[in-house]
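To start, the structure under review is shown below, and the notes come after it.
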Amino acid sequence: MKILVLGSKGQIGMCLEEQLKKFTSFEVIFSSRSNLDITNLTDFNAAVNNINPDIIINTAAYTNVDKAEDEKVTAELINNLAVQNLSQLCTDKNIALIHISTDYIFDGSSDIPYLETDVGNPISFYGKSKLDGEIAITNSGCKFVILRTSWVYSEYGNNFVKTIVRLCKDQDKISIIDDQIGCPTYAQDIAKAIINITHFIQKDICEWGIYNYCGNTPLTWYQFAQMISKKNIHVDNDVEILPISSVEYSARAMRPKFSLLNCSKYQENFKSDLSNLKKGLERTLGVLNLEKL
């Protein structure tokens with residue numbers, strides 16, 4: 001089976017490269033924007049036709065939530081228009097598509113974890129562009145699995161865990177939002193979930209559709225920051241972490257205050273557990289302790 005991975009330099013893409021090489025015998029082509037730009041539609045389509053993969057895993061995305069408010073054209077191009085083209089190509093070529101989406105397609109007004117069938121109502125342009133990409137896929141007629149996830153962290157790229165470690169090294173006091181709740185999700189576990197899905201596709205027993213997949217522990221950003229500071233050996237535990245509201249933080253883009261996802265559909269259909277926060281954070285911090293941040 002031949003797999004094409006898009007966005008291989010992002011957190012999930014780097015985890016996929018690590019695991020697909022180590023744990024599978026698939027023929028895998030890893031691509032990033034530098035060698036295969038999904039927004040250059042003509043060149044992209046020609047490259048896919050030449051590669052002729054059985055599965056495309058799309059982890060490429062515009063993910064800067066705040067900058068998306070000012071760079072709407074770019075966010076729309078990457079998260080929606082390029083995805084429209086990709087999904088149509090998958091339909092035409094009978095290629096299975098695994099696509100990563102986000103909890104930010106919801107407005108956060110729920111008080112129970114979101115189901116895959118709940119209607120999206122994004123409150124940021126990033127969330128809107130990702131929802132539009134989802135809609136493009138579902139309307140294309142291709143064979144797809146959309147994997148919605150949340151609060152991604154890892155030893156790779158830029159993420160909340162690495163930011164908190166840096167801040168705790170440099171400052172005596174930091175303020176973290178305490179009125180947004182979600183489930184931090186380890187990118188290595190997302191990669192495992194994706195690889196699990198590829199095996200179902202290979203066996204021709206995959207149930208196509210949208211699936212939620214996230215961490216097993218709900219908490220606020222403030223609680224997550226406290227957890228990071230207590231578990232990292234290079235963080236001075238005397239650093240004061242203060243809870244603040246979203247209004248006090250005053251970010252460019254709004255975030256959903258409630259981002260919990262009901263993942264029972266994924267667990268039942270793909271016979272797999274959720275991302276384990278304790279293990280994922282321990283592994284991430286173990287790697288970061290060996291690096292200079």
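Chains: A, B, ... in order of the structure tokens. Residues: from 1 per chain. Ligands: from 1, in order shown.
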(Q) At a cut-off of 10 Å, using only C-alpha atoms, what residues contact Asn52 (chain A)? Leave out same-chain residues fewer than 6 positions from it and give the result as a PyMOL selection string. (A) chain A and resi 2-4+46+93-95
(Q) Excluding region 179-182 of chain A and its own-chain neighbours fewer than 3 positions away, which residues fall within 10 Å of it when counting only C-alpha atoms? Please give them as an NGL selection string. (A) :A and (103 or 108 or 113 or 150-151 or 176 or 185 or 214-224 or 243-247 or 255-261)
Q. CA of Leu16 (chain A) to CA of Ala191 (chain A): how many Å, to one decimal?
A.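 Taking CA of Leu16 (chain A) and CA of Ala191 (chain A), their separation equals 5.1 Å.
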**Q.** CA of Ala225 (chain A) to CA of Leu274 (chain A), distance in Å rounded to a single decimal
**A.** 20.9 Å
Q: Using backbone DSSP assignments, extract all strand (DSSP E or B) residues from region 112-290 of chain A; output them as a count of residues only.
A: 33
Q.
DSSP on the backbone: which residues in region 161-220 of chain A end up as helix (DSSP H, G or I)? Give the answer as a PyMOL selection string.
A. chain A and resi 161-170+187-202
Write a file of the selected residues as a compact mmCIF listing (two decimals), in the first residue's frame, keeping C-alpha atoms.
# COMPACT_ATOMS: atom_id res chain seq x y z
CA VAL A 161 3.77 22.63 26.46
CA LYS A 162 6.94 24.08 24.96
CA THR A 163 5.67 27.61 25.48
CA ILE A 164 4.99 27.02 29.17
CA VAL A 165 8.42 25.44 29.72
CA ARG A 166 10.08 28.49 28.13
CA LEU A 167 7.98 30.98 30.09
CA CYS A 168 8.66 29.22 33.38
CA LYS A 169 12.40 29.41 32.71
CA ASP A 170 12.33 33.11 31.88
CA ALA A 187 0.55 14.20 18.53
CA GLN A 188 2.29 10.82 18.74
CA ASP A 189 -1.05 9.32 19.81
CA ILE A 190 -2.81 11.04 16.92
CA ALA A 191 -0.23 9.49 14.60
CA LYS A 192 -0.97 6.06 16.13
CA ALA A 193 -4.70 6.65 15.62
CA ILE A 194 -4.11 7.52 11.96
CA ILE A 195 -1.94 4.46 11.38
CA ASN A 196 -4.63 2.35 13.04
CA ILE A 197 -7.14 3.74 10.53
CA THR A 198 -4.83 2.89 7.60
CA HIS A 199 -4.89 -0.77 8.65
CA PHE A 200 -8.69 -0.76 8.56
CA ILE A 201 -8.53 0.81 5.10
CA GLN A 202 -6.01 -1.79 3.96
Q: Have a look at CA of Thr91 (chain A) and CA of Pro53 (chain A) and let me know their distance in Å, one decimal.
A: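 Atom-to-atom, CA of Thr91 (chain A) and CA of Pro53 (chain A) are spaced 12.6 Å apart.
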Q | Within 12 Å of Cys142 (chain A) using only C-alpha atoms, minus same-chain residues under 3 positions, as a ChimeraX atom specification | A | /A:55-56,83-99,134-139,145-146,208-209
So that I have them on file, write out the residues from the current selection with N, CA and C atoms, as a PDB file, in the first residue's frame.
ATOM      1  N   ILE A  55      -3.677   5.969  -0.310  1.00  0.00           N
ATOM      2  CA  ILE A  55      -4.199   6.808   0.775  1.00  0.00           C
ATOM      3  C   ILE A  55      -3.434   8.127   0.798  1.00  0.00           C
ATOM      4  N   ILE A  56      -4.137   9.217   1.003  1.00  0.00           N
ATOM      5  CA  ILE A  56      -3.507  10.503   1.296  1.00  0.00           C
ATOM      6  C   ILE A  56      -3.870  10.882   2.726  1.00  0.00           C
ATOM      7  N   VAL A  83      -8.231  22.014   0.131  1.00  0.00           N
ATOM      8  CA  VAL A  83      -8.883  20.773   0.573  1.00  0.00           C
ATOM      9  C   VAL A  83     -10.003  20.380  -0.390  1.00  0.00           C
ATOM     10  N   GLN A  84     -10.727  21.369  -0.910  1.00  0.00           N
ATOM     11  CA  GLN A  84     -11.721  21.079  -1.941  1.00  0.00           C
ATOM     12  C   GLN A  84     -11.071  20.380  -3.123  1.00  0.00           C
ATOM     13  N   ASN A  85      -9.969  20.947  -3.591  1.00  0.00           N
ATOM     14  CA  ASN A  85      -9.255  20.352  -4.719  1.00  0.00           C
ATOM     15  C   ASN A  85      -8.755  18.950  -4.384  1.00  0.00           C
ATOM     16  N   LEU A  86      -8.203  18.791  -3.180  1.00  0.00           N
ATOM     17  CA  LEU A  86      -7.672  17.502  -2.747  1.00  0.00           C
ATOM     18  C   LEU A  86      -8.766  16.439  -2.711  1.00  0.00           C
ATOM     19  N   SER A  87      -9.905  16.786  -2.131  1.00  0.00           N
ATOM     20  CA  SER A  87     -10.976  15.797  -2.000  1.00  0.00           C
ATOM     21  C   SER A  87     -11.559  15.419  -3.359  1.00  0.00           C
ATOM     22  N   GLN A  88     -11.645  16.386  -4.270  1.00  0.00           N
ATOM     23  CA  GLN A  88     -12.131  16.063  -5.615  1.00  0.00           C
ATOM     24  C   GLN A  88     -11.153  15.157  -6.340  1.00  0.00           C
ATOM     25  N   LEU A  89      -9.868  15.412  -6.156  1.00  0.00           N
ATOM     26  CA  LEU A  89      -8.841  14.557  -6.742  1.00  0.00           C
ATOM     27  C   LEU A  89      -8.943  13.139  -6.196  1.00  0.00           C
ATOM     28  N   CYS A  90      -9.189  13.027  -4.885  1.00  0.00           N
ATOM     29  CA  CYS A  90      -9.354  11.699  -4.277  1.00  0.00           C
ATOM     30  C   CYS A  90     -10.576  10.982  -4.837  1.00  0.00           C
ATOM     31  N   THR A  91     -11.639  11.729  -5.086  1.00  0.00           N
ATOM     32  CA  THR A  91     -12.837  11.139  -5.697  1.00  0.00           C
ATOM     33  C   THR A  91     -12.518  10.608  -7.090  1.00  0.00           C
ATOM     34  N   ASP A  92     -11.871  11.447  -7.890  1.00  0.00           N
ATOM     35  CA  ASP A  92     -11.582  11.088  -9.279  1.00  0.00           C
ATOM     36  C   ASP A  92     -10.625   9.914  -9.382  1.00  0.00           C
ATOM     37  N   LYS A  93      -9.673   9.833  -8.443  1.00  0.00           N
ATOM     38  CA  LYS A  93      -8.621   8.808  -8.506  1.00  0.00           C
ATOM     39  C   LYS A  93      -8.905   7.613  -7.599  1.00  0.00           C
ATOM     40  N   ASN A  94     -10.047   7.636  -6.894  1.00  0.00           N
ATOM     41  CA  ASN A  94     -10.403   6.582  -5.943  1.00  0.00           C
ATOM     42  C   ASN A  94      -9.329   6.401  -4.870  1.00  0.00           C
ATOM     43  N   ILE A  95      -8.879   7.535  -4.328  1.00  0.00           N
ATOM     44  CA  ILE A  95      -7.879   7.557  -3.260  1.00  0.00           C
ATOM     45  C   ILE A  95      -8.606   7.783  -1.934  1.00  0.00           C
ATOM     46  N   ALA A  96      -8.263   7.015  -0.910  1.00  0.00           N
ATOM     47  CA  ALA A  96      -8.823   7.231   0.423  1.00  0.00           C
ATOM     48  C   ALA A  96      -8.141   8.429   1.073  1.00  0.00           C
ATOM     49  N   LEU A  97      -8.913   9.259   1.739  1.00  0.00           N
ATOM     50  CA  LEU A  97      -8.390  10.480   2.365  1.00  0.00           C
ATOM     51  C   LEU A  97      -8.587  10.438   3.875  1.00  0.00           C
ATOM     52  N   ILE A  98      -7.492  10.666   4.606  1.00  0.00           N
ATOM     53  CA  ILE A  98      -7.558  10.882   6.054  1.00  0.00           C
ATOM     54  C   ILE A  98      -7.179  12.336   6.295  1.00  0.00           C
ATOM     55  N   HIS A  99      -8.054  13.090   6.906  1.00  0.00           N
ATOM     56  CA  HIS A  99      -7.888  14.537   7.043  1.00  0.00           C
ATOM     57  C   HIS A  99      -8.026  14.938   8.506  1.00  0.00           C
ATOM     58  N   GLU A 134     -13.996  20.675   5.931  1.00  0.00           N
ATOM     59  CA  GLU A 134     -14.751  19.449   6.247  1.00  0.00           C
ATOM     60  C   GLU A 134     -15.943  19.287   5.301  1.00  0.00           C
ATOM     61  N   ILE A 135     -16.680  20.360   5.115  1.00  0.00           N
ATOM     62  CA  ILE A 135     -17.869  20.319   4.255  1.00  0.00           C
ATOM     63  C   ILE A 135     -17.485  19.961   2.826  1.00  0.00           C
ATOM     64  N   ALA A 136     -16.368  20.519   2.358  1.00  0.00           N
ATOM     65  CA  ALA A 136     -15.897  20.209   1.005  1.00  0.00           C
ATOM     66  C   ALA A 136     -15.609  18.724   0.851  1.00  0.00           C
ATOM     67  N   ILE A 137     -15.008  18.146   1.857  1.00  0.00           N
ATOM     68  CA  ILE A 137     -14.698  16.711   1.805  1.00  0.00           C
ATOM     69  C   ILE A 137     -15.977  15.876   1.788  1.00  0.00           C
ATOM     70  N   THR A 138     -16.893  16.178   2.693  1.00  0.00           N
ATOM     71  CA  THR A 138     -18.112  15.378   2.789  1.00  0.00           C
ATOM     72  C   THR A 138     -18.965  15.510   1.530  1.00  0.00           C
ATOM     73  N   ASN A 139     -18.872  16.648   0.835  1.00  0.00           N
ATOM     74  CA  ASN A 139     -19.654  16.854  -0.384  1.00  0.00           C
ATOM     75  C   ASN A 139     -18.982  16.283  -1.626  1.00  0.00           C
ATOM     76  N   VAL A 145     -11.909   9.717   6.038  1.00  0.00           N
ATOM     77  CA  VAL A 145     -12.017   9.786   7.489  1.00  0.00           C
ATOM     78  C   VAL A 145     -11.527  11.157   7.900  1.00  0.00           C
ATOM     79  N   ILE A 146     -12.402  11.950   8.481  1.00  0.00           N
ATOM     80  CA  ILE A 146     -12.007  13.226   9.083  1.00  0.00           C
ATOM     81  C   ILE A 146     -11.814  12.973  10.566  1.00  0.00           C
ATOM     82  N   TRP A 208     -16.307   4.862   6.738  1.00  0.00           N
ATOM     83  CA  TRP A 208     -15.928   6.227   6.397  1.00  0.00           C
ATOM     84  C   TRP A 208     -16.773   7.235   7.171  1.00  0.00           C
ATOM     85  N   GLY A 209     -16.219   8.413   7.394  1.00  0.00           N
ATOM     86  CA  GLY A 209     -16.979   9.455   8.059  1.00  0.00           C
ATOM     87  C   GLY A 209     -16.122  10.318   8.971  1.00  0.00           C
TER      88      GLY A 209
END
Q) Excluding same-chain residues fewer than 6 positions from Arg148 (chain A), what lies within 8 Å of it counting only C-alpha atoms, as a VMD selection string? A) chain A and resid 100 to 103 210 to 214
